[in-house]
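Enquirer: Pasting model36.cif below, which is mmCIF, C-alpha atoms.
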data_run
loop_
_atom_site.label_atom_id
_atom_site.label_comp_id
_atom_site.auth_asym_id
_atom_site.auth_seq_id
_atom_site.Cartn_x
_atom_site.Cartn_y
_atom_site.Cartn_z
CA MET A 1 70.95 99.24 -74.05
CA ILE A 2 74.31 98.48 -75.63
CA ILE A 3 74.34 96.34 -78.78
CA PHE A 4 77.33 94.33 -79.96
CA ASN A 5 77.20 93.05 -83.54
CA SER A 6 79.74 90.30 -83.00
CA ILE A 7 80.94 88.04 -80.23
CA LYS A 8 84.55 88.61 -81.30
CA ASN A 9 86.71 91.11 -79.46
CA ILE A 10 84.20 91.98 -76.77
CA ILE A 11 84.52 91.68 -73.04
CA ILE A 12 81.75 92.93 -70.80
CA SER A 13 83.27 94.04 -67.52
CA ASP A 14 79.96 94.05 -65.63
CA PRO A 15 78.73 90.81 -64.07
CA THR A 16 75.79 89.62 -66.17
CA VAL A 17 72.73 87.42 -66.21
CA VAL A 18 72.79 85.85 -69.67
CA VAL A 19 69.81 84.71 -71.72
CA ILE A 20 70.47 82.73 -74.93
CA GLY A 21 68.10 82.35 -77.88
CA LYS A 22 66.98 83.44 -81.32
CA PHE A 23 64.32 85.83 -80.03
CA ASP A 24 63.09 86.41 -83.56
CA GLY A 25 59.65 87.43 -82.35
CA VAL A 26 60.38 88.32 -78.72
CA HIS A 27 57.12 86.49 -77.94
CA LEU A 28 55.65 85.92 -74.46
CA GLY A 29 58.01 82.99 -73.84
CA HIS A 30 61.05 85.11 -74.72
CA GLN A 31 59.70 87.97 -72.62
CA LYS A 32 59.32 85.60 -69.65
CA LEU A 33 62.98 84.56 -70.01
CA ILE A 34 64.24 88.15 -70.12
CA LYS A 35 62.02 89.35 -67.27
CA THR A 36 63.16 86.40 -65.16
CA ALA A 37 66.77 87.32 -65.98
CA CYS A 38 66.02 90.87 -64.78
CA ARG A 39 64.64 89.54 -61.47
CA VAL A 40 67.72 87.33 -61.04
CA ARG A 41 69.94 90.32 -61.92
CA ASP A 42 68.20 92.50 -59.33
CA GLY A 43 68.79 89.82 -56.69
CA LEU A 44 72.54 89.45 -57.26
CA LYS A 45 74.80 91.04 -54.67
CA GLY A 46 76.87 93.87 -56.08
CA GLY A 47 74.57 94.36 -59.06
CA ALA A 48 74.63 92.95 -62.55
CA LYS A 49 73.34 93.60 -66.06
CA THR A 50 71.09 91.53 -68.29
CA CYS A 51 72.75 90.27 -71.46
CA VAL A 52 70.70 88.77 -74.30
CA VAL A 53 72.71 86.60 -76.70
CA LEU A 54 70.84 86.60 -80.03
CA LEU A 55 71.72 83.55 -82.06
CA LYS A 56 71.18 84.76 -85.61
CA GLU A 57 70.77 82.24 -88.38
CA ASN A 58 70.69 83.29 -92.01
CA GLY A 59 68.20 80.80 -93.33
CA PRO A 60 65.13 80.64 -95.52
CA VAL A 61 62.75 81.62 -92.70
CA PRO A 62 62.69 85.38 -92.11
CA PRO A 63 62.46 86.68 -88.54
CA ILE A 64 58.99 87.65 -87.30
CA LEU A 65 60.10 91.14 -86.28
CA SER A 66 62.44 93.59 -87.93
CA GLU A 67 65.76 94.09 -86.18
CA GLU A 68 64.60 97.53 -85.02
CA ASP A 69 61.32 96.20 -83.56
CA ARG A 70 63.15 93.33 -81.88
CA GLU A 71 65.64 95.72 -80.28
CA THR A 72 62.78 97.92 -79.04
CA LYS A 73 61.05 94.93 -77.43
CA LEU A 74 64.30 93.70 -75.87
CA ARG A 75 64.90 97.16 -74.40
CA MET A 76 61.33 97.25 -73.05
CA CYS A 77 61.87 93.86 -71.39
CA GLY A 78 64.93 95.19 -69.56
CA ALA A 79 67.94 94.02 -71.56
CA ASN A 80 71.09 96.01 -70.82
CA TYR A 81 73.27 94.32 -73.45
CA VAL A 82 72.42 92.54 -76.68
CA VAL A 83 75.07 90.43 -78.40
CA ASN A 84 74.31 89.47 -82.00
CA CYS A 85 75.96 86.11 -82.52
CA GLU A 86 75.85 84.75 -86.07
CA LEU A 87 75.32 81.00 -86.22
CA ASN A 88 77.99 80.22 -88.80
CA ASP A 89 80.10 77.09 -89.44
CA GLU A 90 82.89 78.34 -87.18
CA LEU A 91 80.53 78.81 -84.22
CA ARG A 92 78.84 75.46 -84.89
CA ARG A 93 82.23 73.73 -84.44
CA VAL A 94 82.87 75.26 -81.00
CA SER A 95 82.24 72.75 -78.21
CA ALA A 96 79.58 73.53 -75.63
CA GLU A 97 82.29 73.59 -72.96
CA GLU A 98 84.39 76.12 -74.88
CA TYR A 99 81.35 78.31 -75.62
CA LEU A 100 80.37 78.26 -71.96
CA SER A 101 83.86 78.99 -70.61
CA GLU A 102 85.21 81.34 -73.27
CA VAL A 103 82.09 83.22 -74.36
CA LEU A 104 79.47 83.12 -71.61
CA ILE A 105 81.81 83.20 -68.62
CA LYS A 106 84.95 85.06 -69.81
CA LYS A 107 83.64 87.42 -72.50
CA LEU A 108 80.15 88.09 -71.13
CA GLY A 109 80.82 87.78 -67.40
CA ALA A 110 77.91 85.41 -66.70
CA LYS A 111 77.08 85.08 -63.02
CA ALA A 112 73.73 83.52 -63.90
CA ILE A 113 72.25 81.94 -67.02
CA VAL A 114 68.50 81.84 -67.66
CA ALA A 115 67.21 79.47 -70.33
CA GLY A 116 64.24 77.47 -71.49
CA PRO A 117 64.15 73.68 -71.75
CA ASP A 118 65.07 73.76 -75.45
CA VAL A 119 68.24 75.87 -75.10
CA SER A 120 70.93 74.65 -77.48
CA PHE A 121 74.43 75.91 -78.26
CA GLY A 122 77.83 74.54 -79.15
CA CYS A 123 78.76 71.72 -81.49
CA MET A 124 75.86 69.36 -82.14
CA GLY A 125 73.72 71.38 -79.69
CA ALA A 126 75.49 69.78 -76.72
CA GLY A 127 75.03 72.95 -74.66
CA ASN A 128 71.57 72.16 -73.38
CA ALA A 129 69.71 72.68 -70.09
CA GLN A 130 71.19 69.53 -68.52
CA PHE A 131 74.71 70.61 -69.52
CA LEU A 132 74.18 74.08 -68.01
CA LYS A 133 72.89 72.57 -64.77
CA GLU A 134 75.82 70.12 -64.57
CA LYS A 135 78.42 72.88 -65.10
CA GLU A 136 76.84 75.36 -62.67
CA GLU A 137 79.11 74.62 -59.70
CA GLU A 138 82.29 74.15 -61.76
CA TYR A 139 82.01 77.60 -63.35
CA GLY A 140 80.36 79.38 -60.41
CA TYR A 141 77.19 80.66 -62.05
CA ARG A 142 73.54 80.16 -61.16
CA PHE A 143 71.38 78.33 -63.70
CA VAL A 144 67.66 79.12 -63.86
CA LEU A 145 65.45 76.91 -66.03
CA ILE A 146 62.18 78.48 -67.18
CA GLU A 147 59.27 76.42 -68.44
CA LYS A 148 57.66 77.34 -71.76
CA GLU A 149 54.71 79.72 -71.89
CA THR A 150 51.47 78.36 -73.30
CA TYR A 151 48.48 79.81 -75.07
CA LYS A 152 45.26 77.90 -75.69
CA GLY A 153 46.86 74.76 -74.29
CA SER A 154 49.94 74.67 -76.53
CA GLU A 155 53.48 75.97 -76.20
CA ILE A 156 54.18 79.41 -77.61
CA SER A 157 56.90 79.33 -80.25
CA SER A 158 57.99 81.40 -83.20
CA SER A 159 56.97 78.54 -85.51
CA ARG A 160 53.47 78.52 -84.04
CA ILE A 161 53.20 82.30 -84.48
CA ARG A 162 54.27 82.00 -88.13
CA GLU A 163 51.62 79.31 -88.67
CA CYS A 164 48.95 81.57 -87.16
CA LEU A 165 49.99 84.40 -89.45
CA LEU A 166 49.85 82.11 -92.51
CA ARG A 167 46.34 80.98 -91.52
CA GLY A 168 45.22 84.58 -91.02
CA GLU A 169 44.91 84.21 -87.24
CA LYS A 170 46.41 87.63 -86.59
CA GLU A 171 44.79 88.12 -83.17
CA ASP A 172 46.26 84.87 -81.78
CA ALA A 173 49.70 85.78 -83.19
CA GLU A 174 49.51 89.25 -81.63
CA ILE A 175 48.51 87.81 -78.25
CA MET A 176 51.45 85.37 -78.29
CA LEU A 177 53.76 88.23 -79.28
CA GLY A 178 52.49 90.25 -76.31
CA MET A 179 51.00 92.90 -78.58
CA ARG A 180 47.46 92.29 -77.27
CA LYS A 181 46.21 91.29 -73.87
CA LYS A 182 44.48 87.97 -73.31
CA ILE A 183 40.84 88.56 -72.47
CA SER A 184 39.36 86.19 -69.90
CA HIS A 185 35.73 85.28 -70.11
#
Translate the structure of the given file into structure tokens.

Expert:
Amino acid sequence: MIIFNSIKNIIISDPTVVVIGKFDGVHLGHQKLIKTACRVRDGLKGGAKTCVVLLKENGPVPPILSEEDRETKLRMCGANYVVNCELNDELRRVSAEEYLSEVLIKKLGAKAIVAGPDVSFGCMGAGNAQFLKEKEEEYGYRFVLIEKETYKGSEISSSRIRECLLRGEKEDAEIMLGMRKKISH
């Protein structure tokens, strides 16, 4: 797995299947996105690589996993490239259209984009699932929308995992992180 620590000055020459997100816990929902991207990648003619774009935000909430543990889980899920993309003021001003055309298509070589229903990028979060679907034909990529994973009837999210950890519900957090198997009764 090749890791880029900035979106600037990189161009990936391989065609890619791109997944966008924070992936701070690489939980079961994130794993589903990456594994789906790998299946899409394997189905593309001429071959492709899986590229995970990590939107990193320096805020008050620390990531669930260390950078090293996150990279290990991303590698295990099948990521070929990881691009660390800091969510700074400059990036927040880039339009969704410019981010799609200049970053995802030109720099990262996206032939397919896999995302969940809450994907958000570009100025004011305008780069959402509907935007990606609408631009699919214009830019010549395939868009694959993946529904959220659930556990005990509710969506799995990093926020939910943090709440479980704060309440001492370590087993539930570990299951949602894919560190333990769900046991059926």

Enquirer: As a check of understanding, name the residues that the PyMOL selection byres ((chain A and resi 135) around 12) selects in the supplied structure, as a list in words.

Expert: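 For this structure, the PyMOL selection byres ((chain A and resi 135) around 12) resolves to Ala96, Glu97, Glu98, Leu100, Ser101, Ile105, Ala112, Ile113, Gly127, Asn128, Ala129, Gln130, Phe131, Leu132, Lys133, Glu134, Glu136, Glu137, Glu138, Tyr139, Gly140, Tyr141, Arg142 and Phe143 of chain A.
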
Enquirer: Measure the distance from atom CA of A:Pro117 to atom CA of A:Val144 in Å and round it to one decimal.

Expert: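 Atom CA of A:Val144 lies at a distance of 10.2 Å from atom CA of A:Pro117.
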
Enquirer: From the options A:Val26, A:Asn9, A:Pro63, A:Leu165, which residue's atoms come nearest to A:Gly178, counting only C-alpha atoms?

Expert: A:Val26

Enquirer: Report the distance between atom CA of A:Lys148 and atom CA of A:Gly168 in Å, rounded to one decimal place.

Expert: 24.0 Å

Enquirer: From the list A:Cys77, A:Pro62, A:Ala173, A:Ile12, which residue is nearest A:Tyr151 when using all atoms listed in the file?

Expert: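 Under the stated criterion, the closest residue is A:Ala173.
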
Enquirer: Kindly indicate which residue among A:Gly116, A:Gly109, A:Gly59, A:Gly153 lies nearest to A:Leu87, using only C-alpha atoms for the distances.

Expert: A:Gly59

Enquirer: With distances taken over all atoms listed in the file, which residue among A:Ile11, A:Ile3, A:Ile146, A:Ile64 lies nearest A:Val114?

Expert: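 Ranking A:Ile11, A:Ile3, A:Ile146, A:Ile64 by distance to A:Val114, first place goes to A:Ile146.
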
Enquirer: So the first atom is atom CA of A:Pro15 and the second is atom CA of A:Glu86; what is the distance between them in Å, to one decimal place?

Expert: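 Interatomic distance here is 23.0 Å.
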
Enquirer: For A:Arg75, which residue among A:Cys38, A:Asp89, A:Gly29, A:Ser120 is the nearest when counting all atoms listed in the file?

Expert: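 Using all atoms listed in the file, A:Arg75 sits closest to A:Cys38.
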
Enquirer: Write out as a list in words the residues lying within 9 Å of A:Asp14, counting all atoms listed in the file and excluding same-chain residues fewer than 5 positions away.

Expert: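 Within the cut-off, the hits are Gly47, Ala48, Lys49, Leu108, Gly109 and Ala110 of chain A.
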